[in-house]
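Down below is the structure, laid out as structure tokens.
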Amino acid sequence: MPPDHNLDDYVDAYEHGHRHGGPLRVGLGGPVGSGKTALAAALCRTLGAEYDLAVVTNDIYTTEDADFLRRNAVLPDDRIEAVQTGCCPHTAIRDDITANLDAVELLEARHPGLELVLVESGGDNLTASFSYGLVDVQVFVVDVAGGDKVPRKGGPGVTASDLLVVNKTDLAPLVGADLDVMRRDSAVVRGDKPTLLISLREDPAATEVAEWVRAQVRARQLQQA
Amino acid sequence: MTASLLTLADSRLPAGGHTHSGGVEQAIAAGLVRDPASLAAFLLRRLVTSGAVAAGLAAAACRGRNLPVLDAEADARTPSPALRAASRQQGRGLVRVGRRAWPSPLWDALPAAPHHPVALGVAAAAGGLTPRDAAAAAAYLSVSGPATAAQRLLAMDPLTVAAVTARLAPEIDAVAEDCLSRADGELSADTDPLLDLLAEVHATRGDRFFAS
Ligand SMILES: Nc1nc2c(ncn2[C@@H]2O[C@H](COP(=O)(O)OP(=O)(O)O)[C@@H](O)[C@H]2O)c(=O)[nH]1
Ligand SMILES: [Mg+2]
């Protein structure tokens with residue numbers, strides 16, 4: 001670095017990264033089939049009357065998840081945007097978030113009072129995570145049927161997500177998964193960060209996850225006030 | 001040449017390029033691109049048509065020509081509505097990252113969601129590059145993105161695809177040189193109806209991985 005190089009020159013490169021105002025953006029990540037779309041639908045049903053909300057989906061074939069949300073009449077069409085990820089769902093939420101930012105900004109422009117945007121990633125593996133340039137907080141969804149060793153395996157989604165959801169507890173007896181092991185291993189790799197074991201089959205309202213999301217919305221509103 | 005050119009043409013620059021196949025996804029569906037030879041033929045064709053048009057526009061934008069006029073020139077050279085939308089989407093993405101990477105008042109003269117080559121020319125100017133650099137970046141990007149898309153969709157050997165792209169270097173340079181040797185203000189209009197048709201068919205598909 002030249003001696004006269006001024007590090008202050010870089011300050012404006014990052015300070016523009018912080019958004020002021022606008023909705024809370026929540027990433028929903030996790031492996032294929034773990035229940036991300038089911039969770040998005042549940043949150044829309046439970047929180048739709050409380051918050052002005054919208055969803056971005058990142059499916060491989062673009063519209064499967066979006067169609068599910070529409071079919072289930074959870075959200076009107078103009079509150080759902082599907083993003084094409086060029087065969088790389090992970091790139092689209094972490095390395096080059098342009099298409100997702102376009103979708104979020106489009107929804108924000110269409111619904112100026114938006115308070116909450118859920119961004120569902122395309123199903124990926126345990127290394128997947130969202131860039132914090134795209135979302136404010138992220139939920140990682142794994143399921144019991146994937147085996148009770150998943151929390152122990154770790155990976156950024158399991159260890160660093162703001163909320164870990166272990167879904168499909170109703171299947172535990174059928175697949176021989178030990179929920180106590182999953183709970184214990186999650187606590188070990190995640191430290192203080194919360195983990196919820198849920199069954200969307202038994203609680204289609206996703207009560208506990210919705211409560212967590214409410215707390216995040218409140219925290220953002222306080223921080224913006 | 002400065003290091004800014006390497007950043008500008010880097011496929012890792014987060015400007016949204018990875019979600020566009022430049023017609024390759026549909027060319028594969030139509031059987032036009034199947035293997036390295038047909039990919040090379042497709043890329044060369046793309047380079048000397050839409051690549052040359054993009055290079056001319058990028059060089060002109062870098063040179064400081066009237067940006068809204070250039071944007072309209074790009075529209076006139078892009079009959080396919082799907083391709084116009086794809087170009088503007090990529091232009092918007094480039095402006096988003098370019099403004100942060102190379103702050104400059106030049107960005108303010110751009111229309112909202114400009115065509116990608118026009119935004120590229122401004123990015124080049126903001127980054128201290130020359131019109132020749134802008135043209136080279138545009139010509140290179142006209143083949144590098146589509147090559148990667150083909151590699152992913154056909155699970156081709158990435159070394160082969162890298163070699164195909166690398167061996168197009170003389171042609172890429174020739175396209176960049178050509179738009180500089182034209183009389184001032186004369187922009188290539190060598191658009192390719194095949195790319196227009198591929199884009200229009202592609203846009204109607206529900207089962208696509210790429211935005212274009
Ligand atoms: N048994 C059971 N099935 C569930 C539960 N949650 C979701 N599913 C089912 O799991 C499958 C995959 O869910 P989906 O939300 O599409 O997963 P995604 O790929 O992560 O979006 C669907 O058939 C859901 O109905 C649950 O708690 N228990
Ligand atoms: Mg899904």
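By convention in this document, the chains of the structure tokens carry letters A, B, ... by their order, each chain's residues are numbered from 1, and ligands are numbered from 1 in the order they are shown.
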
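Those residues that approach B:Phe209 to within 10 Å, counting only C-alpha atoms, are Asp59, Ile60, Tyr61, Thr62, Val83, Gln84, Thr85, Gly86, Cys87, Cys88 and Pro89 of chain A; Thr19, His20, Ser21, Glu25, Ala149, Leu153 and Arg205 of chain B; same-chain residues fewer than 4 positions away are not listed.
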
Just the residues within 7 Å of stretch 150-165 of chain A, please, counting only C-alpha atoms, with nothing from its chain fewer than 4 positions along; format it as a ChimeraX atom specification. /A:126-129,137-142,146,182,185-186,189-190,193-197

Using only C-alpha atoms and all ligand atoms, find each residue in chain A having at least one atom no more than 7 Å away from ligand 1; report its shortest atom-to-atom pair and that distance in Å (one decimal), rows by chain then rising number, as a tab-separated table.
residue	atom	partner	partner_atom_place_in_ligand_line	distance
A:Gly30	CA	ligand 1	20 (O)	6.5
A:Pro31	CA	ligand 1	20 (O)	6.2
A:Val32	CA	ligand 1	19 (O)	4.1
A:Gly33	CA	ligand 1	19 (O)	3.3
A:Ser34	CA	ligand 1	20 (O)	4.0
A:Gly35	CA	ligand 1	15 (O)	3.3
A:Lys36	CA	ligand 1	20 (O)	3.6
A:Thr37	CA	ligand 1	15 (O)	3.6
A:Ala38	CA	ligand 1	15 (O)	3.7
A:Leu39	CA	ligand 1	15 (O)	6.4
A:Asp65	CA	ligand 1	21 (O)	6.9
A:Gly123	CA	ligand 1	19 (O)	5.7
A:Asn167	CA	ligand 1	27 (O)	5.3
A:Lys168	CA	ligand 1	27 (O)	3.4
A:Thr169	CA	ligand 1	27 (O)	6.4
A:Asp170	CA	ligand 1	28 (N)	5.8
A:Leu171	CA	ligand 1	1 (N)	5.7
A:Ile198	CA	ligand 1	27 (O)	6.7
A:Ser199	CA	ligand 1	27 (O)	3.6
A:Leu200	CA	ligand 1	27 (O)	3.6
A:Arg201	CA	ligand 1	27 (O)	4.1
A:Glu202	CA	ligand 1	27 (O)	6.6

Among stretch 20-212 of chain A, which ones does DSSP place in helix (DSSP H, G or I), written as a PyMOL selection string? chain A and resi 36-47+64-71+77-79+89-93+98-110+144-146+150-153+156-160+169-175+179-190+207-212

At a cut-off of 10 Å, list the chain B residues touching chain A, using only C-alpha atoms, as a VMD selection string. chain B and resid 11 to 21 25 89 to 90 92 to 94 96 to 97 99 to 103 148 to 149 152 to 153 205 to 212

I need the residues from that last selection saved to file as a CSV table (one decimal), in the first residue's frame (with N, CA, C and O atoms), if you can.
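Done, and the output landed in result31.csv:
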chain,number,residue,atom,x,y,z
B,11,SER,N,-16.2,-12.4,-14.3
B,11,SER,CA,-17.5,-12.9,-14.1
B,11,SER,C,-18.0,-12.9,-12.7
B,11,SER,O,-19.2,-13.1,-12.4
B,12,ARG,N,-17.1,-12.7,-11.7
B,12,ARG,CA,-17.5,-12.7,-10.3
B,12,ARG,C,-17.9,-11.3,-9.9
B,12,ARG,O,-18.4,-11.1,-8.7
B,13,LEU,N,-17.8,-10.3,-10.8
B,13,LEU,CA,-18.4,-9.0,-10.4
B,13,LEU,C,-19.9,-9.2,-10.2
B,13,LEU,O,-20.6,-9.6,-11.1
B,14,PRO,N,-20.4,-8.9,-9.0
B,14,PRO,CA,-21.8,-9.2,-8.7
B,14,PRO,C,-22.8,-8.2,-9.4
B,14,PRO,O,-23.4,-7.4,-8.8
B,15,ALA,N,-22.9,-8.4,-10.7
B,15,ALA,CA,-23.8,-7.6,-11.5
B,15,ALA,C,-25.0,-8.4,-12.1
B,15,ALA,O,-25.7,-7.8,-12.9
B,16,GLY,N,-25.1,-9.6,-11.7
B,16,GLY,CA,-26.3,-10.4,-12.2
B,16,GLY,C,-26.1,-11.2,-13.5
B,16,GLY,O,-27.0,-11.9,-13.9
B,17,GLY,N,-24.9,-11.1,-14.0
B,17,GLY,CA,-24.6,-11.8,-15.3
B,17,GLY,C,-24.8,-13.3,-15.3
B,17,GLY,O,-25.2,-13.9,-16.3
B,18,HIS,N,-24.6,-13.9,-14.1
B,18,HIS,CA,-24.6,-15.4,-14.0
B,18,HIS,C,-26.1,-15.9,-14.2
B,18,HIS,O,-26.2,-17.1,-14.4
B,19,THR,N,-27.1,-15.1,-14.1
B,19,THR,CA,-28.4,-15.6,-14.3
B,19,THR,C,-28.9,-15.4,-15.8
B,19,THR,O,-30.0,-15.7,-16.1
B,20,HIS,N,-28.0,-15.0,-16.7
B,20,HIS,CA,-28.3,-14.9,-18.1
B,20,HIS,C,-27.4,-15.8,-18.9
B,20,HIS,O,-26.2,-15.9,-18.7
B,21,SER,N,-28.0,-16.4,-19.9
B,21,SER,CA,-27.2,-17.4,-20.7
B,21,SER,C,-26.9,-16.8,-22.1
B,21,SER,O,-26.3,-17.5,-22.9
B,25,GLU,N,-29.2,-21.2,-23.4
B,25,GLU,CA,-30.1,-22.2,-22.9
B,25,GLU,C,-31.1,-22.6,-23.9
B,25,GLU,O,-31.4,-23.8,-24.1
B,89,GLN,N,-32.1,-5.3,-17.5
B,89,GLN,CA,-31.9,-5.9,-16.2
B,89,GLN,C,-30.4,-6.0,-15.9
B,89,GLN,O,-30.0,-5.7,-14.7
B,90,GLN,N,-29.6,-6.4,-16.8
B,90,GLN,CA,-28.2,-6.5,-16.6
B,90,GLN,C,-27.5,-5.1,-16.4
B,90,GLN,O,-26.6,-4.9,-15.6
B,92,ARG,N,-29.1,-2.5,-15.1
B,92,ARG,CA,-29.4,-2.1,-13.8
B,92,ARG,C,-28.5,-2.7,-12.7
B,92,ARG,O,-28.1,-2.0,-11.8
B,93,GLY,N,-28.2,-4.0,-12.9
B,93,GLY,CA,-27.4,-4.7,-12.0
B,93,GLY,C,-25.9,-4.1,-12.0
B,93,GLY,O,-25.3,-4.0,-11.0
B,94,LEU,N,-25.5,-3.8,-13.2
B,94,LEU,CA,-24.1,-3.2,-13.3
B,94,LEU,C,-24.1,-1.8,-12.7
B,94,LEU,O,-23.1,-1.5,-12.0
B,96,ARG,N,-25.8,-0.8,-10.2
B,96,ARG,CA,-25.9,-1.0,-8.7
B,96,ARG,C,-24.5,-1.2,-8.2
B,96,ARG,O,-24.1,-0.5,-7.2
B,97,VAL,N,-23.8,-2.1,-8.8
B,97,VAL,CA,-22.4,-2.4,-8.2
B,97,VAL,C,-21.4,-1.3,-8.7
B,97,VAL,O,-20.5,-0.9,-7.9
B,99,ARG,N,-21.8,1.9,-9.3
B,99,ARG,CA,-21.8,3.2,-8.5
B,99,ARG,C,-21.0,3.0,-7.2
B,99,ARG,O,-20.4,4.0,-6.8
B,100,ARG,N,-21.1,1.9,-6.6
B,100,ARG,CA,-20.3,1.6,-5.4
B,100,ARG,C,-18.9,1.5,-5.6
B,100,ARG,O,-18.0,1.9,-4.9
B,101,ALA,N,-18.6,0.7,-6.7
B,101,ALA,CA,-17.2,0.4,-7.0
B,101,ALA,C,-16.4,1.6,-7.6
B,101,ALA,O,-15.2,1.8,-7.2
B,102,TRP,N,-17.0,2.3,-8.5
B,102,TRP,CA,-16.3,3.5,-9.1
B,102,TRP,C,-17.2,4.7,-9.0
B,102,TRP,O,-17.8,5.1,-10.0
B,103,PRO,N,-17.2,5.3,-7.9
B,103,PRO,CA,-18.1,6.5,-7.7
B,103,PRO,C,-17.7,7.6,-8.7
B,103,PRO,O,-16.5,7.8,-8.9
B,148,THR,N,-20.1,-20.0,-19.9
B,148,THR,CA,-20.3,-20.6,-18.6
B,148,THR,C,-21.7,-21.2,-18.5
B,148,THR,O,-21.8,-22.3,-17.9
B,149,ALA,N,-22.6,-20.6,-19.1
B,149,ALA,CA,-24.0,-21.2,-19.1
B,149,ALA,C,-24.0,-22.5,-19.8
B,149,ALA,O,-24.6,-23.5,-19.3
B,152,ARG,N,-22.5,-25.2,-17.6
B,152,ARG,CA,-23.4,-25.7,-16.5
B,152,ARG,C,-24.5,-26.6,-17.1
B,152,ARG,O,-24.8,-27.6,-16.6
B,153,LEU,N,-25.1,-26.1,-18.2
B,153,LEU,CA,-26.3,-26.8,-18.7
B,153,LEU,C,-25.9,-28.2,-19.3
B,153,LEU,O,-26.7,-29.1,-19.2
B,205,ARG,N,-41.0,-19.9,-21.9
B,205,ARG,CA,-40.9,-21.2,-21.2
B,205,ARG,C,-41.0,-21.1,-19.7
B,205,ARG,O,-40.6,-20.2,-19.1
B,206,GLY,N,-41.7,-22.1,-19.1
B,206,GLY,CA,-41.8,-22.1,-17.7
B,206,GLY,C,-40.7,-22.9,-17.0
B,206,GLY,O,-40.5,-22.8,-15.8
B,207,ASP,N,-39.9,-23.6,-17.8
B,207,ASP,CA,-38.9,-24.5,-17.2
B,207,ASP,C,-37.5,-24.1,-17.5
B,207,ASP,O,-36.7,-24.8,-18.0
B,208,ARG,N,-37.2,-22.8,-17.2
B,208,ARG,CA,-35.9,-22.4,-17.6
B,208,ARG,C,-35.1,-22.0,-16.3
B,208,ARG,O,-35.7,-21.6,-15.3
B,209,PHE,N,-33.8,-22.2,-16.4
B,209,PHE,CA,-32.9,-21.9,-15.3
B,209,PHE,C,-32.4,-20.5,-15.4
B,209,PHE,O,-32.1,-19.9,-14.4
B,210,PHE,N,-32.3,-20.0,-16.6
B,210,PHE,CA,-31.7,-18.6,-16.8
B,210,PHE,C,-32.8,-17.6,-17.1
B,210,PHE,O,-33.8,-17.9,-17.7
B,211,ALA,N,-32.5,-16.4,-16.8
B,211,ALA,CA,-33.5,-15.3,-17.1
B,211,ALA,C,-33.5,-15.0,-18.5
B,211,ALA,O,-34.5,-14.5,-19.0
B,212,SER,N,-32.4,-15.2,-19.3
B,212,SER,CA,-32.5,-15.1,-20.7
B,212,SER,C,-31.4,-16.0,-21.4
B,212,SER,O,-30.6,-16.5,-20.6

Please return as a list in words: the residues of stretch 136-204 of chain A that backbone DSSP assigns to strand (DSSP E or B).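 Strand (DSSP E or B) members of stretch 136-204 of chain A, listed: Val137, Gln138, Val139, Phe140, Val141, Val142, Asp143, Leu163, Leu164, Val165, Val166, Asn167, Thr195, Leu196 and Leu197 of chain A.
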
Pick out the closest residue to B:Asp178 from this set: B:Leu110, B:Ala123, B:Ala136, B:Leu195. Count only C-alpha atoms. B:Ala136

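When atom CA of B:Leu198 is paired with atom CA of B:Ala74, their separation reads 18.5 Å.
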
Residues near B:Val164, cut-off 12 Å, only C-alpha atoms, skip fewer than 6 positions along chain, as a list in words: Asp35, Pro36, Ala37, Ser38, Leu39, Ala40, Ala41, Phe42, Leu43, Leu44, Val143, Ser144, Pro146, Ala147, Thr148, Ala150, Gln151, Met156, Asp157, Pro158, Pro170 and Glu171 of chain B

Skipping near chain neighbours, those fewer than 3 positions away, what residues fall within 9 Å of stretch 213-225 of chain A using only C-alpha atoms, listed as a list in words?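 Here the answer would be His20, Gly21, Pro23, Leu24, Val26, Leu43, Leu47, Glu115, Leu116, Asp136, Val137, Glu208, Val209 and Ala210 of chain A.
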
Between atom CA of B:Gly31 and atom CA of B:Arg45, measure the distance and give it in Å to one decimal.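 Atom-to-atom, atom CA of B:Gly31 to atom CA of B:Arg45, that is 15.8 Å.
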
When you look at B:Val118 with a cut-off of 7 Å (counting only C-alpha atoms), what residues show up, excluding the ones that are within fewer than 2 positions of it in the same chain? I need them as a ChimeraX atom specification. /B:57-58,61,70-71,114-116,120-122

Excluding A:Asp78 and its own-chain neighbours fewer than 4 positions away, which residues fall within 9 Å of it when counting only C-alpha atoms? Please give them as a VMD selection string. chain A and resid 54 107 110

Skipping near chain neighbours, those fewer than 6 positions away, what residues fall within 12 Å of B:Pro81 using only C-alpha atoms, listed as a list in words?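 Non-adjacent residues within range: Ala74, Asp75, Ser87, Arg88, Leu195, Asp196, Leu197, Leu198, Ala199, Glu200, Val201, His202, Ala203, Thr204 and Ser212 of chain B.
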